[in-house]
Amino acid sequence: MSSSFDLHVQTTISPHNGQAYHVETYPVSSDLDRTLEIAAQSQKEWIKTTLSERIAKGRKFIEKFSVLANREVPATYDHGPLGHHNLAEELCNQMGRPVDQCWGEFRGFLQRATYMVDIAESCLSDTTFSDNQPGFSRSIKRVPLGVIFVIAPWNYPYLVMINSVLPALIAGNAVILKPSPQTPLTAVRFKEALNDAGFPTDLIQVVHLSLPLTRYVVQHKLVDFVVFTGSVAGGKAIETAAVAADGFKGVGLELGGKDPAYVRADADLKDAVIQLVDGAMYNAGQSCCAVERIYVHESVYDTFVNEYVNETKKLILGDPTNKQTTIGPVISIASAERIRQQVSSAVQTGAKALIPENLYPTAEPGTACVAPQVLVDVNHTMDVMQEETFGPIIGIQKVSSDAEAIELMNDSEYGLTASIWTKSLDDFSTLTDQVQAGTIFLNRCDSLDPALAWTGIKNSGRGVSLSKFGYDQLTRAKSINMRINTA
C-alpha cells in the first residue's frame, strides 16, 4: 500500500504491518530531461559494441544477480534501522508475499534470463539469403529501437523486469526503468547487478515517478517505445498518452486476466485440485495469470468441490515474514476491501461461500489480510466471474458439456491464459482451437515457459515478451539490398 505523504515524496508501506518501509523523492521534469538525454547518448555508444560482447555481459549479469540475491542489504522502517535483509526478505516487506515464495520468483527470474541470453544470437543476428542473384546481396538486420521506457508492476517485479529489460539491453537499447511505488527497491537491485556485470551506468536509468511525470516520460521525444505491465485502466492511460505524443510511439501492454480452467470428466481430480488451488491462491491470487474461475463437468463436480475446499483449508494466512505462512496479505487495505465487496456481492445474489470465516480470524475488515474463499452457485451475472479479482478468491461453476464450458471460458473481456484438465490429448487439441487466450495449458496453470511467447488478447493487452518473438518487440527490421557488381 504505497502512498505519498506530500506531492514530491513516495512512501512504500509494508502491507502486513502498515509501517513505512522506504521513501523516494520524485524528480522534477528538468531532471528527467537530463536523465533521458544521458540514456540516449549512452545508447549511441552502446550500439557500437558487438552482439557477442553484449551477450557476454548478459551472462555476467546472471552471475552477479545470483550473488546479489543472497547478499544481505540494509533495511529500515520509519521508526529506525531494522538490520539487514536478503533480497527475498526485502521483497516480502515491500509487497507482502511469503519469503519462500519470493525465492521462487528469483528462480524463475534466473531461468528466464538464461533462456533469453541463450537465444539472443539466433534472434538478433542478420538474416541472410542463399539464393542471391550474381552480383547482388540481401540481408535483414534487427536494430534497436533506441530508448525504451519499462513500467514494472509490484506483484512480480523481478519476473516482469527480466522479460523486457535484459533483452532490450542485449538488443542494443537503453532502458528507463520505473518500478512500482510499492516495490521501488527491486529496480535499484536490478540496476546494481547490471552495472556490476559491466553494463554502462548511464545505459539504464531507474526513475521513481508520479502519474503526471510518468505521462511526461511516455510522451518524451527521446522515448522510442513503452513497455507497460499493469491494470487495464493503467494500460489505457499509457496508450492514450502515447497516442497524444508527437510521432507514432510504440507501446507493449501486458494487462489483466480473468483466467479460466475447465475440469473435464476424465481429469485426474487429485492432481487438478492441488494444481488449481495453487494456481488460484499463490501470491494471494495477485497474478495476471492466476486462475480466477473454474468450470467443472457435472459428473465430477461434487467430488472436485469437496476436495478443493479441503485443500484450500490447508493454507496458512498470516505474517509473510514467518516461514509457516503460505498466504500473506494483499497489497493494500483498499484492495482487500474491494475483494471483500466482490465476495459479498456474489453471496447476496445467490453464491455460497464454502470456507468458514472463523477459520481465518486475522482476515478482519480494516486490514490487508483476506481469507481464501471458494464460491459455488456462481454465474456470469456476478462480478466475481467477470471482473478481475486479484485476490485469493475462486468461483466454481458446474457445466454439462465441453461446448458449455468453452462458451463460458470465452465469455470474458480478458484473454491471457486458460487451462484444460483432461487425459485426452486428442480432445485437448480440438478444444484448444476454440479457446480465446494467449496461452492454453494442459493439466497445468499459472506457469510461464520462457521459450513460449507471453501474450494476450482482448483486454489482456497486446505485444509479446519472452521467446524469440520477445526480441522482435524490442527491435525493428532493417533491410539491406546491395548491387555489388556495377561494372
# chains A, B, ... in the order shown; residues from 1 in each chain; ligands from 1

$ residues_around --residues "Ile393 in chain A" --least-positions-apart "2" --cutoff "7 Å" --atoms "only C-alpha atoms" --output "JSON, numbers by chain"
{"A": [372, 373, 374, 391, 395]}

$ write_last_selection --atoms "C-alpha atoms" --output "PDB file, in the first residue's frame"
ATOM      1  CA  PRO A 372      -9.054 -17.549   0.898  1.00  0.00           C
ATOM      2  CA  GLN A 373     -12.585 -18.254  -0.267  1.00  0.00           C
ATOM      3  CA  VAL A 374     -14.304 -20.801  -2.520  1.00  0.00           C
ATOM      4  CA  GLY A 391      -7.156 -11.884  -4.606  1.00  0.00           C
ATOM      5  CA  GLY A 395     -15.637 -19.230  -8.230  1.00  0.00           C
TER       6      GLY A 395
END

$ residues_around --residues "range 248-263 of chain A" --least-positions-apart "5" --cutoff "6 Å" --atoms "only C-alpha atoms" --output "count of residues only"
29

$ select_by_dssp --residues "range 125-263 of chain A" --states "strand (DSSP E or B)" --output "count of residues only"
39

$ atom_distance --atom1 "CA of Leu213 in chain A" --atom2 "CA of Ser29 in chain A"
7.1 Å

$ select_by_dssp --residues "range 317-434 of chain A" --states "alpha helix (DSSP H)" --output "VMD selection string"
chain A and resid 333 to 348 402 to 410 425 to 432

$ write_last_selection --atoms "N, CA and C atoms" --output "compact mmCIF listing (two decimals), in the first residue's frame"
# COMPACT_ATOMS: atom_id res chain seq x y z
N ILE A 333 -5.06 -2.19 2.04
CA ILE A 333 -6.38 -2.26 2.68
C ILE A 333 -7.46 -1.97 1.65
N ALA A 334 -7.21 -1.02 0.77
CA ALA A 334 -8.19 -0.69 -0.27
C ALA A 334 -8.45 -1.89 -1.18
N SER A 335 -7.39 -2.60 -1.55
CA SER A 335 -7.55 -3.80 -2.37
C SER A 335 -8.34 -4.87 -1.61
N ALA A 336 -8.03 -5.03 -0.33
CA ALA A 336 -8.74 -6.02 0.48
C ALA A 336 -10.23 -5.70 0.57
N GLU A 337 -10.57 -4.45 0.74
CA GLU A 337 -11.98 -4.07 0.83
C GLU A 337 -12.70 -4.30 -0.50
N ARG A 338 -12.02 -4.05 -1.61
CA ARG A 338 -12.62 -4.29 -2.92
C ARG A 338 -12.89 -5.77 -3.13
N ILE A 339 -11.95 -6.62 -2.71
CA ILE A 339 -12.11 -8.06 -2.85
C ILE A 339 -13.26 -8.56 -1.97
N ARG A 340 -13.31 -8.09 -0.73
CA ARG A 340 -14.40 -8.49 0.17
C ARG A 340 -15.75 -8.09 -0.39
N GLN A 341 -15.80 -6.90 -1.00
CA GLN A 341 -17.05 -6.43 -1.58
C GLN A 341 -17.48 -7.32 -2.75
N GLN A 342 -16.53 -7.79 -3.53
CA GLN A 342 -16.87 -8.67 -4.65
C GLN A 342 -17.45 -9.99 -4.14
N VAL A 343 -16.87 -10.52 -3.07
CA VAL A 343 -17.39 -11.75 -2.47
C VAL A 343 -18.78 -11.51 -1.88
N SER A 344 -18.92 -10.43 -1.14
CA SER A 344 -20.19 -10.11 -0.50
C SER A 344 -21.30 -9.94 -1.54
N SER A 345 -20.98 -9.27 -2.64
CA SER A 345 -21.96 -9.06 -3.70
C SER A 345 -22.39 -10.38 -4.31
N ALA A 346 -21.45 -11.30 -4.50
CA ALA A 346 -21.78 -12.61 -5.06
C ALA A 346 -22.70 -13.39 -4.12
N VAL A 347 -22.38 -13.37 -2.84
CA VAL A 347 -23.20 -14.09 -1.86
C VAL A 347 -24.60 -13.50 -1.79
N GLN A 348 -24.71 -12.19 -1.84
CA GLN A 348 -26.02 -11.54 -1.79
C GLN A 348 -26.89 -11.87 -2.99
N ASP A 402 -18.58 -29.98 -22.97
CA ASP A 402 -17.45 -29.19 -23.45
C ASP A 402 -17.92 -27.87 -24.06
N ALA A 403 -19.00 -27.95 -24.81
CA ALA A 403 -19.50 -26.76 -25.50
C ALA A 403 -19.88 -25.67 -24.51
N GLU A 404 -20.55 -26.06 -23.42
CA GLU A 404 -20.94 -25.07 -22.41
C GLU A 404 -19.71 -24.49 -21.73
N ALA A 405 -18.73 -25.34 -21.44
CA ALA A 405 -17.51 -24.87 -20.78
C ALA A 405 -16.77 -23.87 -21.66
N ILE A 406 -16.62 -24.18 -22.93
CA ILE A 406 -15.90 -23.28 -23.84
C ILE A 406 -16.63 -21.96 -23.98
N GLU A 407 -17.94 -22.00 -24.07
CA GLU A 407 -18.71 -20.77 -24.19
C GLU A 407 -18.50 -19.87 -22.97
N LEU A 408 -18.49 -20.47 -21.78
CA LEU A 408 -18.28 -19.69 -20.57
C LEU A 408 -16.84 -19.21 -20.44
N MET A 409 -15.88 -20.03 -20.83
CA MET A 409 -14.49 -19.62 -20.78
C MET A 409 -14.25 -18.40 -21.66
N ASN A 410 -14.90 -18.37 -22.80
CA ASN A 410 -14.72 -17.26 -23.75
C ASN A 410 -15.59 -16.05 -23.43
N LEU A 425 -5.44 -36.24 -25.09
CA LEU A 425 -4.69 -35.28 -25.87
C LEU A 425 -5.44 -34.87 -27.13
N ASP A 426 -6.17 -35.82 -27.73
CA ASP A 426 -6.94 -35.50 -28.94
C ASP A 426 -8.03 -34.48 -28.63
N ASP A 427 -8.75 -34.68 -27.53
CA ASP A 427 -9.81 -33.74 -27.17
C ASP A 427 -9.22 -32.38 -26.80
N PHE A 428 -8.08 -32.41 -26.12
CA PHE A 428 -7.44 -31.14 -25.77
C PHE A 428 -7.07 -30.35 -27.02
N SER A 429 -6.53 -31.04 -28.02
CA SER A 429 -6.14 -30.38 -29.26
C SER A 429 -7.35 -29.74 -29.93
N THR A 430 -8.46 -30.43 -29.91
CA THR A 430 -9.68 -29.89 -30.52
C THR A 430 -10.19 -28.67 -29.75
N LEU A 431 -10.19 -28.76 -28.43
CA LEU A 431 -10.71 -27.66 -27.61
C LEU A 431 -9.80 -26.43 -27.64
N THR A 432 -8.49 -26.67 -27.76
CA THR A 432 -7.53 -25.57 -27.78
C THR A 432 -7.86 -24.56 -28.88

$ residues_around --residues "range 22-25 of chain A" --least-positions-apart "6" --cutoff "6 Å" --atoms "only C-alpha atoms" --output "list of chain:residue names"
A:His8, A:Val9, A:Gln10, A:Thr11, A:Thr12

$ write_last_selection --atoms "N, CA, C and O atoms" --output "PDB file, in the first residue's frame"
ATOM      1  N   HIS A   8       5.695  15.388  -3.474  1.00  0.00           N
ATOM      2  CA  HIS A   8       7.026  15.154  -4.001  1.00  0.00           C
ATOM      3  C   HIS A   8       7.687  13.887  -3.431  1.00  0.00           C
ATOM      4  O   HIS A   8       8.793  13.571  -3.816  1.00  0.00           O
ATOM      5  N   VAL A   9       7.001  13.199  -2.539  1.00  0.00           N
ATOM      6  CA  VAL A   9       7.594  12.056  -1.864  1.00  0.00           C
ATOM      7  C   VAL A   9       6.718  10.816  -2.054  1.00  0.00           C
ATOM      8  O   VAL A   9       5.497  10.871  -1.956  1.00  0.00           O
ATOM      9  N   GLN A  10       7.357   9.709  -2.314  1.00  0.00           N
ATOM     10  CA  GLN A  10       6.693   8.417  -2.473  1.00  0.00           C
ATOM     11  C   GLN A  10       7.094   7.532  -1.297  1.00  0.00           C
ATOM     12  O   GLN A  10       8.281   7.292  -1.068  1.00  0.00           O
ATOM     13  N   THR A  11       6.110   7.070  -0.540  1.00  0.00           N
ATOM     14  CA  THR A  11       6.382   6.243   0.634  1.00  0.00           C
ATOM     15  C   THR A  11       5.796   4.854   0.432  1.00  0.00           C
ATOM     16  O   THR A  11       4.614   4.710   0.115  1.00  0.00           O
ATOM     17  N   THR A  12       6.630   3.841   0.614  1.00  0.00           N
ATOM     18  CA  THR A  12       6.185   2.455   0.492  1.00  0.00           C
ATOM     19  C   THR A  12       5.800   1.928   1.867  1.00  0.00           C
ATOM     20  O   THR A  12       6.614   1.966   2.803  1.00  0.00           O
TER      21      THR A  12
END

$ closest_residue --among "A:Leu315, A:Asp411, A:Pro181, A:Leu375" --to "Leu359 in chain A" --atoms "only C-alpha atoms"
A:Leu315

$ residues_around --residues "range 31-43 of chain A" --least-positions-apart "4" --cutoff "10 Å" --atoms "only C-alpha atoms" --output "ChimeraX atom specification"
/A:26-27,47-48,144,146-149,169,172-176,200-207,209,213,216-217,220-223
